[in-house]
Amino acid sequence: MKQIQCIGVLTSGGDAPGMNAAIRSVTRTAIFNRLKVKAIFKGYKGLITGEIIPFETQSVSNIIQQGGTIIKTARCPEFHTPEGRKKAYDNLLKEEIDGLIVIGGDGTFTGARIFSQEYNIPVIGIPGTIDNDLYGTDYTLGYDTALNTIIQAVDKIRDTATSHERLFIVEVMGRDAGFLALNGAIASGAEAAIIPEIITETDQLEELIHNGFRKTKNSSIVFVSESNLAGGGAMAVAERLKEKGYDPRVTILGHVQRGGSPSALDRILASRMGVAAVDALLDDARSVMIGIVDNEIVYVPFSKAIKDEKPVNKYLLDVLKLLSI
Ligand code: ADP
C-alpha cells in the first residue's frame, strides 16, 4: 500500500471545545512525520467547494486554548449525494490528499464511512461532540468542558434557588444521551436528572412528585436532557409540575454549553487523539474512530461508533439519588 504523504483535516457537524487543540495536534504530528497537511474549511462543504489550504506549524499557533474551530464547521446536505461526494473526491485528487482526518460526531463519521468505501480513501475520525454519545470511547472532545460550563452556571442558579426556596428545572444539551444531565446533576449536587436512557423504564418525574422532592431541603434543582424522550424537555416537565401545584422556574442553558476555552482534560485528550489519528493513518488503519478507554487509546470501527448505543452507567443514577436525600 502507498505510504500516506498528505493529510487533509476537517471539522464537521456541531462544534465542540477541544477541536482546535486536535487540529493543532494533527498538524504538528503530520509535520513531525514529514507529511504535508492541508486544512479543509467548513467540513464536507469545503471539501466539495475546494476551500483547502496548506497548514504549517505556525498555522496552529495560539489556538490550543480557543473554543470553536478555526477551520469552521458546517452541515453539508450535498455530501449526502453521490454527486457531492464525487466533487469532494475530485478535490482530494487535485490537492493530492491521500488520507483524511475528520473531527466530529456520528453524522460526520456516517458520511466518512460511506465516502471511504466509495473511493477507497483512508479516513480516521476524532470524536468531537459535547454530548459524549459515541460508542467505544469513554470521552469525546468538548464533553468535559461542557460539564464544567454547566456546573458553573448551576452554581449561580443555586444561589437564587436557595434564597427564594425555589424549585429549578435546568435543561442541558444531549439529544439522545443523558451524560451531561446525569453527571452535571451529580457535580452540581442536584436532586435528579431526567434523561432519555431511563425515561422508558420509570417516570422519574412521577417518582419525584410522589416523594415530595427533597423533604429536608427547601430548594431543589432538577436536570433535564433537551431530548424529547426525557419528559419533553424542561418546559414540558415544568408544565407537569405546575399541574401538581408546584411553581418551578426553568433555565435552558442552550449554546453557552458549546463554547468556551477547553478544559485541561479536553486539551490533553485532543492532543493525544490528534497524535493517534496521524499514527493510525501511517499504520494503514482506515474507517476507525480514535477512542479512549480506561485512559488508553483505542481504534473503534466507524460502524460500531455510529450504530451501537453507548450505555449510561446506571450506578451513577443511584449515586445521585443516594446523595440527594
Ligand atoms: P455531527 O457530526 O455533529 O453528528 P451532523 O449529523 O450534522 O453532525 O453531520 C455532519 C455532516 O456529515 C452532515 O452535514 C453531512 O454533510 C455529513 N453526513 C451526515 N450523515 C451523512 C450520510 N448519511 N451520508 C453522507 N454524509 C452524511
# chains A, B, ... in the order shown; residues from 1 in each chain; ligands from 1
>>> residues_near_ligand(ligand="ligand 1", cutoff="6 Å", atoms="only C-alpha atoms and all ligand atoms", output="PyMOL selection string")
chain A and resi 12-14+44+75-77+79-80+104-108+110-111
>>> select_by_dssp(residues="range 116-190 of chain A", states="strand (DSSP E or B)", output="list in words")
Val123, Ile124, Gly125, Ile126, Pro127, Gly128, Leu141, Leu167, Phe168, Ile169, Val170, Glu171 and Val172 of chain A
>>> write_last_selection(atoms="N, CA, C and O atoms", output="compact mmCIF listing (two decimals), in the first residue's frame")
# COMPACT_ATOMS: atom_id res chain seq x y z
N VAL A 123 -9.85 7.08 6.00
CA VAL A 123 -10.38 8.17 6.83
C VAL A 123 -10.33 7.75 8.30
O VAL A 123 -10.73 6.63 8.65
N ILE A 124 -9.82 8.64 9.13
CA ILE A 124 -9.78 8.40 10.57
C ILE A 124 -10.62 9.48 11.25
O ILE A 124 -10.58 10.64 10.85
N GLY A 125 -11.38 9.10 12.27
CA GLY A 125 -12.24 10.06 12.97
C GLY A 125 -11.70 10.40 14.35
O GLY A 125 -11.10 9.56 15.02
N ILE A 126 -11.92 11.64 14.75
CA ILE A 126 -11.66 12.05 16.14
C ILE A 126 -13.00 12.52 16.70
O ILE A 126 -13.66 13.37 16.10
N PRO A 127 -13.45 11.92 17.82
CA PRO A 127 -14.78 12.24 18.32
C PRO A 127 -14.84 13.63 18.95
O PRO A 127 -14.20 13.89 19.97
N GLY A 128 -15.57 14.53 18.33
CA GLY A 128 -15.73 15.88 18.86
C GLY A 128 -17.20 16.19 19.00
O GLY A 128 -17.87 16.49 18.02
N LEU A 141 -14.30 14.84 22.70
CA LEU A 141 -13.79 16.19 22.90
C LEU A 141 -14.94 17.16 23.18
O LEU A 141 -15.94 17.15 22.47
N LEU A 167 -37.89 25.75 43.30
CA LEU A 167 -37.59 24.57 42.51
C LEU A 167 -37.16 25.03 41.12
O LEU A 167 -37.91 25.75 40.45
N PHE A 168 -35.97 24.63 40.71
CA PHE A 168 -35.46 25.00 39.38
C PHE A 168 -35.33 23.78 38.49
O PHE A 168 -34.84 22.73 38.92
N ILE A 169 -35.78 23.92 37.26
CA ILE A 169 -35.59 22.88 36.25
C ILE A 169 -34.54 23.41 35.28
O ILE A 169 -34.72 24.47 34.68
N VAL A 170 -33.44 22.69 35.14
CA VAL A 170 -32.35 23.13 34.26
C VAL A 170 -32.24 22.18 33.08
O VAL A 170 -32.05 20.97 33.27
N GLU A 171 -32.40 22.73 31.88
CA GLU A 171 -32.28 21.89 30.69
C GLU A 171 -30.87 21.99 30.12
O GLU A 171 -30.36 23.08 29.89
N VAL A 172 -30.26 20.84 29.89
CA VAL A 172 -28.92 20.80 29.30
C VAL A 172 -28.96 20.04 27.98
O VAL A 172 -29.93 19.34 27.69
>>> select_by_dssp(residues="range 106-247 of chain A", states="alpha helix (DSSP H)", output="ChimeraX atom specification")
/A:106-119,143-164,179-188,196-199,204-211,233-243
>>> write_last_selection(atoms="C-alpha atoms", output="PDB file, in the first residue's frame")
ATOM      1  CA  ASP A 106     -21.860  10.445  14.411  1.00  0.00           C
ATOM      2  CA  GLY A 107     -23.164  12.264  11.322  1.00  0.00           C
ATOM      3  CA  THR A 108     -19.616  13.150  10.338  1.00  0.00           C
ATOM      4  CA  PHE A 109     -18.494   9.534  10.750  1.00  0.00           C
ATOM      5  CA  THR A 110     -21.505   8.208   8.848  1.00  0.00           C
ATOM      6  CA  GLY A 111     -20.518  10.403   5.903  1.00  0.00           C
ATOM      7  CA  ALA A 112     -16.853   9.439   6.287  1.00  0.00           C
ATOM      8  CA  ARG A 113     -17.674   5.750   6.232  1.00  0.00           C
ATOM      9  CA  ILE A 114     -19.684   5.985   3.025  1.00  0.00           C
ATOM     10  CA  PHE A 115     -17.040   8.177   1.369  1.00  0.00           C
ATOM     11  CA  SER A 116     -14.192   5.892   2.361  1.00  0.00           C
ATOM     12  CA  GLN A 117     -15.997   2.825   0.975  1.00  0.00           C
ATOM     13  CA  GLU A 118     -16.928   4.593  -2.262  1.00  0.00           C
ATOM     14  CA  TYR A 119     -13.470   5.951  -3.065  1.00  0.00           C
ATOM     15  CA  TYR A 143     -17.718  16.915  26.960  1.00  0.00           C
ATOM     16  CA  ASP A 144     -15.590  17.763  29.989  1.00  0.00           C
ATOM     17  CA  THR A 145     -15.555  21.472  29.124  1.00  0.00           C
ATOM     18  CA  ALA A 146     -19.335  21.491  28.685  1.00  0.00           C
ATOM     19  CA  LEU A 147     -19.779  19.771  32.041  1.00  0.00           C
ATOM     20  CA  ASN A 148     -17.636  22.437  33.684  1.00  0.00           C
ATOM     21  CA  THR A 149     -19.642  25.200  31.988  1.00  0.00           C
ATOM     22  CA  ILE A 150     -22.834  23.591  33.236  1.00  0.00           C
ATOM     23  CA  ILE A 151     -21.744  23.340  36.849  1.00  0.00           C
ATOM     24  CA  GLN A 152     -20.537  26.951  36.878  1.00  0.00           C
ATOM     25  CA  ALA A 153     -23.942  28.109  35.631  1.00  0.00           C
ATOM     26  CA  VAL A 154     -25.877  25.884  38.000  1.00  0.00           C
ATOM     27  CA  ASP A 155     -23.820  27.034  40.992  1.00  0.00           C
ATOM     28  CA  LYS A 156     -25.185  30.510  40.247  1.00  0.00           C
ATOM     29  CA  ILE A 157     -28.735  29.244  39.830  1.00  0.00           C
ATOM     30  CA  ARG A 158     -28.388  27.504  43.173  1.00  0.00           C
ATOM     31  CA  ASP A 159     -27.820  30.860  44.903  1.00  0.00           C
ATOM     32  CA  THR A 160     -31.218  32.047  43.718  1.00  0.00           C
ATOM     33  CA  ALA A 161     -32.882  28.698  44.290  1.00  0.00           C
ATOM     34  CA  THR A 162     -31.717  28.702  47.896  1.00  0.00           C
ATOM     35  CA  SER A 163     -32.500  32.352  48.590  1.00  0.00           C
ATOM     36  CA  HIS A 164     -36.053  32.071  47.281  1.00  0.00           C
ATOM     37  CA  PHE A 179     -24.360  12.036  30.059  1.00  0.00           C
ATOM     38  CA  LEU A 180     -24.342  15.810  30.517  1.00  0.00           C
ATOM     39  CA  ALA A 181     -27.547  15.787  32.557  1.00  0.00           C
ATOM     40  CA  LEU A 182     -26.596  12.887  34.793  1.00  0.00           C
ATOM     41  CA  ASN A 183     -23.019  13.878  35.526  1.00  0.00           C
ATOM     42  CA  GLY A 184     -23.922  17.575  35.612  1.00  0.00           C
ATOM     43  CA  ALA A 185     -26.540  16.767  38.238  1.00  0.00           C
ATOM     44  CA  ILE A 186     -24.096  14.815  40.380  1.00  0.00           C
ATOM     45  CA  ALA A 187     -21.442  17.525  40.110  1.00  0.00           C
ATOM     46  CA  SER A 188     -23.972  20.258  40.967  1.00  0.00           C
ATOM     47  CA  PRO A 196     -33.612   9.733  27.785  1.00  0.00           C
ATOM     48  CA  GLU A 197     -31.972   6.427  28.687  1.00  0.00           C
ATOM     49  CA  ILE A 198     -34.072   5.963  31.810  1.00  0.00           C
ATOM     50  CA  ILE A 199     -37.348   7.586  30.906  1.00  0.00           C
ATOM     51  CA  GLN A 204     -38.794   9.806  37.091  1.00  0.00           C
ATOM     52  CA  LEU A 205     -40.887  12.912  37.454  1.00  0.00           C
ATOM     53  CA  GLU A 206     -43.743  10.921  38.944  1.00  0.00           C
ATOM     54  CA  GLU A 207     -41.267   9.431  41.376  1.00  0.00           C
ATOM     55  CA  LEU A 208     -40.045  12.885  42.399  1.00  0.00           C
ATOM     56  CA  ILE A 209     -43.551  14.235  42.830  1.00  0.00           C
ATOM     57  CA  HIS A 210     -44.504  11.172  44.821  1.00  0.00           C
ATOM     58  CA  ASN A 211     -41.555  11.740  47.139  1.00  0.00           C
ATOM     59  CA  GLY A 233     -37.627  18.870  27.851  1.00  0.00           C
ATOM     60  CA  ALA A 234     -37.667  21.400  30.688  1.00  0.00           C
ATOM     61  CA  MET A 235     -40.781  23.314  29.611  1.00  0.00           C
ATOM     62  CA  ALA A 236     -42.904  20.165  29.443  1.00  0.00           C
ATOM     63  CA  VAL A 237     -41.568  18.988  32.793  1.00  0.00           C
ATOM     64  CA  ALA A 238     -42.382  22.390  34.331  1.00  0.00           C
ATOM     65  CA  GLU A 239     -45.939  22.225  32.950  1.00  0.00           C
ATOM     66  CA  ARG A 240     -46.495  18.866  34.575  1.00  0.00           C
ATOM     67  CA  LEU A 241     -45.190  20.203  37.859  1.00  0.00           C
ATOM     68  CA  LYS A 242     -47.466  23.235  37.701  1.00  0.00           C
ATOM     69  CA  GLU A 243     -50.431  20.912  37.292  1.00  0.00           C
TER      70      GLU A 243
END
>>> closest_atom_pairs(of="range 220-293 of chain A", to="range 22-38 of chain A", cutoff="12 Å", atoms="only C-alpha atoms", output="Markdown table")
| residue | atom | partner | partner_atom | distance |
| --- | --- | --- | --- | --- |
| A:Pro262 | CA | A:Ala22 | CA | 11.1 |
| A:Asp266 | CA | A:Ala22 | CA | 9.4 |
| A:Arg267 | CA | A:Ala22 | CA | 7.8 |
| A:Ile268 | CA | A:Ala22 | CA | 9.2 |
| A:Leu269 | CA | A:Ala22 | CA | 8.3 |
| A:Ala270 | CA | A:Ala22 | CA | 4.5 |
| A:Ser271 | CA | A:Ser25 | CA | 5.1 |
| A:Arg272 | CA | A:Ser25 | CA | 7.7 |
| A:Met273 | CA | A:Ala22 | CA | 7.0 |
| A:Gly274 | CA | A:Val26 | CA | 4.6 |
| A:Val275 | CA | A:Thr29 | CA | 5.7 |
| A:Ala276 | CA | A:Val26 | CA | 8.6 |
| A:Ala277 | CA | A:Val26 | CA | 7.2 |
| A:Val278 | CA | A:Val26 | CA | 6.3 |
| A:Asp279 | CA | A:Thr29 | CA | 8.4 |
| A:Ala280 | CA | A:Val26 | CA | 11.3 |
| A:Leu281 | CA | A:Ala30 | CA | 10.1 |
| A:Leu282 | CA | A:Asn33 | CA | 9.2 |
| A:Ile290 | CA | A:Ala22 | CA | 11.7 |
>>> residues_around(residues="Ala16 in chain A", least_positions_apart="5", cutoff="7 Å", atoms="only C-alpha atoms", output="VMD selection string")
chain A and resid 68 128 to 130 141 to 142 258
>>> write_last_selection(atoms="N, CA and C atoms", output="CSV table (one decimal), in the first residue's frame")
chain,number,residue,atom,x,y,z
A,68,GLY,N,-14.5,26.5,19.9
A,68,GLY,CA,-14.9,26.5,18.5
A,68,GLY,C,-13.9,25.8,17.6
A,128,GLY,N,-15.6,14.5,18.3
A,128,GLY,CA,-15.7,15.9,18.9
A,128,GLY,C,-17.2,16.2,19.0
A,129,THR,N,-17.7,16.1,20.2
A,129,THR,CA,-19.1,16.4,20.5
A,129,THR,C,-19.3,16.5,22.0
A,130,ILE,N,-20.0,17.6,22.4
A,130,ILE,CA,-20.1,17.8,23.9
A,130,ILE,C,-21.1,16.7,24.5
A,141,LEU,N,-14.3,14.8,22.7
A,141,LEU,CA,-13.8,16.2,22.9
A,141,LEU,C,-14.9,17.2,23.2
A,142,GLY,N,-14.8,18.0,24.2
A,142,GLY,CA,-15.8,19.0,24.5
A,142,GLY,C,-16.7,18.6,25.6
A,258,ARG,N,-21.8,24.9,24.5
A,258,ARG,CA,-20.9,24.5,23.4
A,258,ARG,C,-19.6,25.4,23.3
>>> residues_around(residues="range 134-137 of chain A", least_positions_apart="6", cutoff="6 Å", atoms="only C-alpha atoms", output="list in words")
Gly291, Ile292, Val293, Ala305, Asp308 and Lys310 of chain A
>>> closest_residue(among="A:Gly18, A:Pro82, A:Gly8, A:Gly67", to="Gly50 in chain A", atoms="only C-alpha atoms")
A:Gly8
>>> atom_distance(atom1="CA of Gly260 in chain A", atom2="CA of Ser227 in chain A")
23.0 Å
>>> closest_residue(among="A:Ala177, A:Gly46, A:Ser219, A:Phe41", to="Asp247 in chain A", atoms="only C-alpha atoms")
A:Ser219
>>> atom_distance(atom1="CA of Arg166 in chain A", atom2="CA of Tyr246 in chain A")
9.5 Å
>>> atom_distance(atom1="CA of Asn62 in chain A", atom2="CA of Tyr139 in chain A")
24.3 Å
>>> closest_residue(among="A:Ser61, A:Ser303, A:Asn228, A:Asn91", to="Lys45 in chain A", atoms="only C-alpha atoms")
A:Asn91
>>> residues_around(residues="Leu317 in chain A", least_positions_apart="4", cutoff="8 Å", atoms="only C-alpha atoms", output="number ranges by chain")
A: 182, 193, 313, 321
>>> write_last_selection(atoms="N, CA, C and O atoms", output="compact mmCIF listing (two decimals), in the first residue's frame")
# COMPACT_ATOMS: atom_id res chain seq x y z
N LEU A 182 -26.85 13.75 33.64
CA LEU A 182 -26.60 12.89 34.79
C LEU A 182 -25.34 13.32 35.56
O LEU A 182 -25.37 13.52 36.77
N ALA A 193 -31.95 13.79 37.73
CA ALA A 193 -31.66 14.01 36.31
C ALA A 193 -32.67 13.21 35.51
O ALA A 193 -32.76 11.99 35.67
N ASN A 313 -24.00 4.76 32.72
CA ASN A 313 -23.70 3.95 33.89
C ASN A 313 -24.81 4.16 34.92
O ASN A 313 -24.89 5.21 35.55
N LYS A 321 -29.23 9.71 43.43
CA LYS A 321 -30.39 9.55 44.32
C LYS A 321 -29.96 9.48 45.78
O LYS A 321 -30.52 10.13 46.64
